[in-house]
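Structure file upload.tsv with TSV, C-alpha atoms:
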```
chain	number	residue	atom	x	y	z
A	151	MET	CA	-56.78	-73.39	-29.13
A	152	THR	CA	-57.26	-70.05	-27.33
A	153	THR	CA	-58.07	-69.43	-23.71
A	154	ALA	CA	-59.92	-66.44	-22.28
A	155	SER	CA	-58.45	-64.85	-19.20
A	156	THR	CA	-60.91	-63.99	-16.51
A	157	THR	CA	-60.62	-61.71	-13.53
A	158	ALA	CA	-62.28	-62.85	-10.34
A	159	ALA	CA	-65.07	-60.57	-9.24
A	160	PRO	CA	-64.54	-58.92	-5.85
A	161	THR	CA	-66.44	-60.29	-2.89
A	162	LEU	CA	-69.14	-57.75	-2.01
A	163	ILE	CA	-71.07	-57.63	1.25
A	164	GLY	CA	-74.69	-56.99	0.39
A	165	SER	CA	-75.69	-55.67	3.79
A	166	VAL	CA	-72.90	-53.07	3.67
A	167	GLN	CA	-73.99	-51.97	0.21
A	168	ARG	CA	-77.59	-51.59	1.39
A	169	ALA	CA	-76.52	-49.62	4.47
A	170	LEU	CA	-74.44	-47.28	2.31
A	171	ARG	CA	-77.39	-46.67	-0.02
A	172	LEU	CA	-79.47	-45.71	3.01
A	173	LEU	CA	-76.79	-43.30	4.20
A	174	GLU	CA	-76.66	-41.75	0.73
A	175	ALA	CA	-80.45	-41.34	0.81
A	176	VAL	CA	-80.29	-39.64	4.21
A	177	GLY	CA	-77.62	-37.29	2.87
A	178	THR	CA	-79.98	-35.92	0.22
A	179	HIS	CA	-82.45	-34.63	2.85
A	180	ARG	CA	-81.22	-31.69	4.92
A	181	ASP	CA	-84.16	-31.99	7.33
A	182	GLY	CA	-84.21	-35.78	7.41
A	183	ALA	CA	-86.66	-38.29	5.94
A	184	PRO	CA	-88.90	-41.08	7.29
A	185	ALA	CA	-88.04	-44.75	6.95
A	186	LYS	CA	-90.58	-45.45	4.18
A	187	GLN	CA	-89.18	-42.70	1.98
A	188	LEU	CA	-85.58	-43.77	2.59
A	189	ALA	CA	-86.44	-47.39	1.81
A	190	ARG	CA	-88.04	-46.36	-1.46
A	191	GLU	CA	-85.15	-44.14	-2.49
A	192	ALA	CA	-82.58	-46.79	-1.60
A	193	GLY	CA	-84.58	-49.48	-3.44
A	194	LEU	CA	-84.94	-51.65	-0.33
A	195	PRO	CA	-87.82	-53.62	1.16
A	196	LEU	CA	-89.22	-51.73	4.14
A	197	PRO	CA	-88.39	-54.48	6.73
A	198	THR	CA	-84.76	-54.53	5.53
A	199	ALA	CA	-84.57	-50.75	5.68
A	200	TYR	CA	-85.99	-50.71	9.22
A	201	HIS	CA	-83.40	-53.24	10.37
A	202	LEU	CA	-80.51	-51.31	8.85
A	203	LEU	CA	-81.79	-47.95	10.10
A	204	ARG	CA	-81.99	-49.29	13.65
A	205	THR	CA	-78.45	-50.65	13.39
A	206	LEU	CA	-77.05	-47.41	11.97
A	207	THR	CA	-78.84	-45.44	14.69
A	208	HIS	CA	-77.48	-47.72	17.41
A	209	GLU	CA	-73.94	-47.23	16.08
A	210	GLY	CA	-74.34	-43.44	15.99
A	211	TYR	CA	-74.27	-42.99	12.22
A	212	LEU	CA	-77.91	-41.88	12.22
A	213	ARG	CA	-80.28	-40.36	14.73
A	214	ARG	CA	-84.06	-40.31	14.75
A	215	GLU	CA	-85.94	-37.12	15.56
A	216	ASN	CA	-89.68	-36.55	15.18
A	217	GLY	CA	-90.08	-39.58	12.97
A	218	VAL	CA	-87.29	-38.77	10.51
A	219	PHE	CA	-83.70	-39.99	10.24
A	220	LEU	CA	-80.71	-37.62	10.09
A	221	PHE	CA	-76.95	-38.06	10.20
A	222	GLY	CA	-75.67	-38.88	13.67
A	223	ALA	CA	-72.48	-37.83	15.43
A	224	ALA	CA	-70.37	-40.66	13.97
A	225	ALA	CA	-71.24	-39.74	10.39
A	226	GLU	CA	-70.70	-36.04	11.09
A	227	ARG	CA	-67.26	-36.77	12.54
A	228	MET	CA	-66.33	-38.71	9.42
A	229	SER	CA	-67.51	-35.86	7.22
A	230	GLY	CA	-65.61	-33.30	9.29
A	231	ARG	CA	-62.39	-35.31	9.10
A	232	ALA	CA	-62.74	-35.66	5.33
A	233	VAL	CA	-63.14	-31.90	4.92
A	234	GLU	CA	-60.22	-31.22	7.24
A	235	GLU	CA	-57.98	-33.70	5.44
A	236	SER	CA	-58.92	-32.16	2.10
A	237	ARG	CA	-58.00	-28.69	3.34
A	238	ARG	CA	-54.74	-29.89	4.84
A	239	SER	CA	-53.81	-31.70	1.63
A	240	ARG	CA	-54.66	-28.64	-0.45
A	241	LEU	CA	-52.59	-26.41	1.81
A	242	ASN	CA	-49.60	-28.76	1.74
A	243	ASP	CA	-49.80	-29.01	-2.06
A	244	ALA	CA	-49.87	-25.21	-2.35
A	245	LEU	CA	-46.88	-24.74	-0.04
A	246	THR	CA	-44.88	-27.39	-1.88
A	247	ARG	CA	-45.55	-25.70	-5.21
A	248	TRP	CA	-44.63	-22.27	-3.83
A	249	CYS	CA	-41.42	-23.67	-2.36
A	250	ASP	CA	-40.44	-24.99	-5.79
A	251	VAL	CA	-41.42	-21.77	-7.59
A	252	ILE	CA	-39.81	-19.35	-5.12
A	253	GLY	CA	-36.82	-21.50	-4.23
A	254	ALA	CA	-37.24	-20.98	-0.49
A	255	PRO	CA	-38.92	-22.78	2.42
A	256	VAL	CA	-42.54	-21.75	2.91
A	257	TYR	CA	-44.33	-21.80	6.26
A	258	CYS	CA	-47.96	-21.41	7.37
A	259	ALA	CA	-49.00	-20.61	10.93
A	260	VAL	CA	-52.20	-19.67	12.72
A	261	TYR	CA	-53.05	-18.13	16.06
A	262	ARG	CA	-55.53	-20.48	17.68
A	263	GLU	CA	-56.85	-20.70	21.25
A	264	GLY	CA	-54.20	-18.33	22.54
A	265	GLU	CA	-51.21	-20.02	20.93
A	266	ILE	CA	-49.07	-19.76	17.81
A	267	GLU	CA	-49.37	-22.97	15.82
A	268	LEU	CA	-47.17	-23.91	12.87
A	269	VAL	CA	-49.56	-25.90	10.68
A	270	ALA	CA	-47.48	-26.62	7.56
A	271	VAL	CA	-43.95	-26.30	6.21
A	272	ALA	CA	-42.57	-27.06	2.75
A	273	ASP	CA	-38.85	-27.22	2.09
A	274	THR	CA	-36.26	-29.07	0.00
A	275	PRO	CA	-32.74	-30.37	0.64
A	276	GLU	CA	-31.44	-27.37	-1.31
A	277	ALA	CA	-33.64	-24.95	0.66
A	278	PRO	CA	-34.11	-26.41	4.14
A	279	ALA	CA	-36.46	-24.95	6.73
A	280	VAL	CA	-35.10	-23.22	9.81
A	281	ASP	CA	-34.47	-25.60	12.71
A	282	GLU	CA	-36.88	-25.03	15.59
A	283	TRP	CA	-34.10	-24.73	18.13
A	284	ALA	CA	-36.26	-22.66	20.53
A	285	PRO	CA	-39.95	-23.54	21.10
A	286	PHE	CA	-41.79	-21.89	18.22
A	287	PRO	CA	-45.09	-21.14	20.04
A	288	GLU	CA	-43.24	-19.45	22.92
A	289	THR	CA	-40.94	-17.22	20.87
A	290	GLY	CA	-43.35	-15.38	18.59
A	291	HIS	CA	-41.68	-12.07	19.39
A	292	ALA	CA	-38.49	-13.29	17.70
A	293	HIS	CA	-39.63	-14.78	14.37
A	294	ALA	CA	-41.43	-13.16	11.46
A	295	LEU	CA	-44.45	-15.48	11.59
A	296	GLY	CA	-45.02	-14.78	15.27
A	297	GLN	CA	-44.59	-11.04	14.87
A	298	CYS	CA	-47.05	-11.08	11.96
A	299	LEU	CA	-49.63	-13.07	13.96
A	300	LEU	CA	-49.27	-11.05	17.15
A	301	GLY	CA	-49.56	-7.86	15.14
A	302	GLN	CA	-53.03	-8.95	14.04
A	303	LEU	CA	-54.36	-9.45	17.59
A	304	ASP	CA	-56.22	-6.88	19.62
A	305	GLU	CA	-54.40	-5.34	22.58
A	306	ARG	CA	-56.04	-7.58	25.17
A	307	ALA	CA	-55.22	-10.83	23.34
A	308	ARG	CA	-51.68	-9.65	22.66
A	309	ALA	CA	-51.12	-8.69	26.32
A	310	ASP	CA	-52.43	-12.08	27.44
A	311	HIS	CA	-50.03	-13.85	25.08
A	312	LEU	CA	-47.02	-11.84	26.24
A	313	ASP	CA	-47.95	-12.41	29.89
A	314	ARG	CA	-47.73	-16.15	29.25
A	315	HIS	CA	-44.74	-16.00	26.89
A	316	PRO	CA	-42.51	-13.12	28.02
A	317	VAL	CA	-40.26	-11.36	25.55
A	318	ARG	CA	-36.63	-12.46	25.85
A	319	PRO	CA	-33.74	-12.07	23.42
A	320	LEU	CA	-32.81	-15.26	21.54
A	321	THR	CA	-29.89	-13.80	19.61
A	322	ARG	CA	-27.97	-10.55	19.80
A	323	TYR	CA	-30.30	-9.22	17.10
A	324	SER	CA	-33.54	-10.01	18.94
A	325	VAL	CA	-35.81	-7.42	20.47
A	326	ARG	CA	-34.74	-6.96	24.08
A	327	ASP	CA	-37.95	-6.46	26.06
A	328	ARG	CA	-41.72	-6.18	25.92
A	329	GLN	CA	-41.90	-2.42	25.50
A	330	ALA	CA	-39.49	-2.48	22.58
A	331	PHE	CA	-41.47	-5.28	20.98
A	332	LEU	CA	-44.79	-3.46	21.34
A	333	ALA	CA	-43.21	-0.33	19.87
A	334	ARG	CA	-42.12	-2.39	16.87
A	335	LEU	CA	-45.63	-3.78	16.38
A	336	ARG	CA	-47.09	-0.26	16.49
A	337	SER	CA	-44.69	0.83	13.75
A	338	MET	CA	-45.73	-1.98	11.41
A	339	GLU	CA	-48.04	-1.19	8.53
A	340	GLN	CA	-51.26	-3.21	8.46
A	341	MET	CA	-51.30	-6.11	5.97
A	342	LYS	CA	-47.70	-5.45	4.96
A	343	PRO	CA	-44.82	-7.98	5.07
A	344	VAL	CA	-43.02	-8.39	8.38
A	345	ILE	CA	-39.27	-8.87	8.02
A	346	GLU	CA	-36.82	-10.06	10.66
A	347	ARG	CA	-33.10	-10.59	10.32
A	348	GLN	CA	-31.32	-13.09	12.55
A	349	GLU	CA	-33.69	-12.51	15.47
A	350	TYR	CA	-34.74	-16.15	15.82
A	351	ALA	CA	-31.85	-17.94	14.12
A	352	GLN	CA	-28.49	-16.41	13.32
A	353	GLY	CA	-27.58	-16.58	9.66
A	354	THR	CA	-31.23	-16.48	8.58
A	355	VAL	CA	-33.62	-13.78	7.38
A	356	CYS	CA	-37.39	-14.25	7.24
A	357	ALA	CA	-40.43	-12.45	5.88
A	358	ALA	CA	-44.08	-13.09	6.74
A	359	ILE	CA	-47.35	-11.85	5.30
A	360	PRO	CA	-50.77	-11.80	6.99
A	361	VAL	CA	-53.42	-13.98	5.36
A	362	SER	CA	-57.11	-13.11	5.37
A	363	ALA	CA	-58.91	-16.44	5.75
A	364	GLY	CA	-62.30	-15.75	7.28
A	365	ALA	CA	-62.04	-15.26	11.02
A	366	ALA	CA	-58.69	-17.03	11.25
A	367	VAL	CA	-55.57	-15.14	12.29
A	368	ALA	CA	-53.04	-16.61	9.88
A	369	ALA	CA	-49.73	-15.89	8.19
A	370	MET	CA	-47.39	-17.30	5.57
A	371	ALA	CA	-43.63	-16.87	5.57
A	372	ILE	CA	-40.39	-17.66	3.77
A	373	SER	CA	-36.81	-17.83	5.00
A	374	LEU	CA	-33.46	-17.40	3.30
A	375	PRO	CA	-29.82	-17.66	4.33
A	376	LEU	CA	-28.29	-14.34	5.34
A	377	ASP	CA	-26.06	-14.24	2.27
A	378	GLN	CA	-29.23	-14.25	0.11
A	379	GLN	CA	-31.01	-11.47	1.98
A	380	ASP	CA	-30.98	-9.21	-1.07
A	381	GLN	CA	-33.47	-11.67	-2.63
A	382	LEU	CA	-35.89	-11.55	0.31
A	383	ARG	CA	-38.04	-8.64	-0.82
A	384	CYS	CA	-38.55	-10.11	-4.29
A	385	ALA	CA	-39.30	-13.56	-2.85
A	386	VAL	CA	-41.93	-12.31	-0.42
A	387	GLU	CA	-43.61	-10.29	-3.16
A	388	GLN	CA	-43.79	-13.49	-5.19
A	389	LEU	CA	-45.31	-15.27	-2.19
A	390	GLN	CA	-47.92	-12.53	-1.90
A	391	ARG	CA	-48.90	-13.03	-5.53
A	392	GLU	CA	-49.15	-16.79	-5.09
A	393	VAL	CA	-51.29	-16.48	-1.95
A	394	SER	CA	-53.56	-13.92	-3.62
A	395	SER	CA	-54.03	-16.29	-6.55
A	396	LEU	CA	-54.90	-19.12	-4.17
A	397	LEU	CA	-57.45	-17.01	-2.32
A	398	ARG	CA	-59.12	-16.09	-5.61
A	399	SER	CA	-59.21	-19.65	-6.92
A	400	PHE	CA	-61.26	-21.21	-4.11
A	401	MET	CA	-62.64	-20.57	-0.65
A	402	PHE	CA	-59.54	-20.91	1.50
A	403	SER	CA	-60.15	-21.71	5.13
A	404	ILE	CA	-57.50	-22.63	7.72
A	405	SER	CA	-59.22	-24.83	10.26
A	406	ILE	CA	-56.42	-27.41	10.68
```
Rewrite the structure from the file as structure tokens, please.
Amino acid sequence: MTTASTTAAPTLIGSVQRALRLLEAVGTHRDGAPAKQLAREAGLPLPTAYHLLRTLTHEGYLRRENGVFLFGAAAERMSGRAVEESRRSRLNDALTRWCDVIGAPVYCAVYREGEIELVAVADTPEAPAVDEWAPFPETGHAHALGQCLLGQLDERARADHLDRHPVRPLTRYSVRDRQAFLARLRSMEQMKPVIERQEYAQGTVCAAIPVSAGAAVAAMAISLPLDQQDQLRCAVEQLQREVSSLLRSFMFSISI
């Protein structure tokens, strides 16, 4: 005698399914659609569609304008978060891969709303990231990422940043004052790697490259122990190739 094994079907909520079909129907119309059309496309009786549309509108997932239904603020927030999470995941995956390929920690930072923001770091136990022993956003003059970002700003934005975060030496290798720092920025070649040696953390060398990502002011960087500094130039050139490949493969936008 044989027995057939059965798997219990999941419990499905019909009203949720119908509401989702309505949302999918709304999403196919950039300029919105009336209730009758949405009901037809979702395969729902008109009274049911009206009830669900009113509920979704009340909850902010839809809005009604001039007789048509469009996505509301709640749905738009969900969509925005999904896009942002996808970009963040893609960025983290790229940095992790580069860290493995290059054999060095990889960093990504942006200049946003007047501040330096470290948005992602990938490292390994064998190649650990530099400890943030001094506040990273306030010490841009001392690390390669900050120098690279500040070098991309116009004079007014750069002056505003330095007014709020004055130049001060962090190690005996750091730039000593604002004038010396500005002179260094003027000597830098546009879109070329920025290299600093032991200016933020003693025993560490870093290199950063500017990243063209739409209107964003962004940069990527790597760090190495001082005793490996002869490998820095080769490593940053490898990072440049990896970033260039990423930019060619899809529309890369840093909006994290």
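Residue nearest Leu220 of chain A, chosen from A:Pro360, A:Pro197, A:Pro184, A:Gly353 and counting all atoms listed in the file: A:Pro184.
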**OP:** Anything within 7 Å of (-37.7, -15.1, 5.6): list those residues as a PyMOL selection string, counting all atoms listed in the file and sticking to the file's coordinates.
**Re:** chain A and resi 345+355-358+371-374+382
Quick one: everything within 10 Å of Phe286 of chain A, counting all atoms listed in the file, minus sequence neighbours fewer than 4 positions away in the same chain. Send it as a PDB file with C-alpha atoms, in the coordinates of the input.
```pdb
ATOM      1  CA  GLU A 265     -51.210 -20.020  20.930  1.00  0.00           C
ATOM      2  CA  ILE A 266     -49.070 -19.760  17.810  1.00  0.00           C
ATOM      3  CA  GLU A 267     -49.370 -22.970  15.820  1.00  0.00           C
ATOM      4  CA  LEU A 268     -47.170 -23.910  12.870  1.00  0.00           C
ATOM      5  CA  ASP A 281     -34.470 -25.600  12.710  1.00  0.00           C
ATOM      6  CA  GLU A 282     -36.880 -25.030  15.590  1.00  0.00           C
ATOM      7  CA  GLY A 290     -43.350 -15.380  18.590  1.00  0.00           C
ATOM      8  CA  HIS A 291     -41.680 -12.070  19.390  1.00  0.00           C
ATOM      9  CA  ALA A 292     -38.490 -13.290  17.700  1.00  0.00           C
ATOM     10  CA  HIS A 293     -39.630 -14.780  14.370  1.00  0.00           C
ATOM     11  CA  LEU A 295     -44.450 -15.480  11.590  1.00  0.00           C
ATOM     12  CA  GLY A 296     -45.020 -14.780  15.270  1.00  0.00           C
ATOM     13  CA  TYR A 350     -34.740 -16.150  15.820  1.00  0.00           C
TER      14      TYR A 350
END
```
Original post:
Counting all atoms listed in the file, what is within 12 Å of segment 324-328 of chain A, bar same-chain residues fewer than 3 positions away, as a ChimeraX atom specification?
Top reply: /A:289-294,297,308-309,311-313,315-321,331-335,346-352
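Here atom CA of Ala284 of chain A and atom CA of Leu245 of chain A stand 23.2 Å from one another.
Atom CA of Trp283 of chain A sits 28.1 Å away from atom CA of Met341 of chain A.
For the residues A:Ala244, A:Ala225, A:Val176, A:Ile359, ranking by smallest atom-to-atom distance to Ala385 of chain A using all atoms listed in the file places A:Ile359 first.
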Original post:
Nearest to Tyr323 of chain A among A:Gly301, A:Thr354, A:Pro287, A:Phe219, with distances taken over all atoms listed in the file: which residue is it?
Top reply: A:Thr354
**OP:** Tell me which of A:Val218, A:Val166, A:Ala365, A:Leu173 sits closest to Arg262 of chain A, counting only C-alpha atoms.
**Re:** A:Ala365
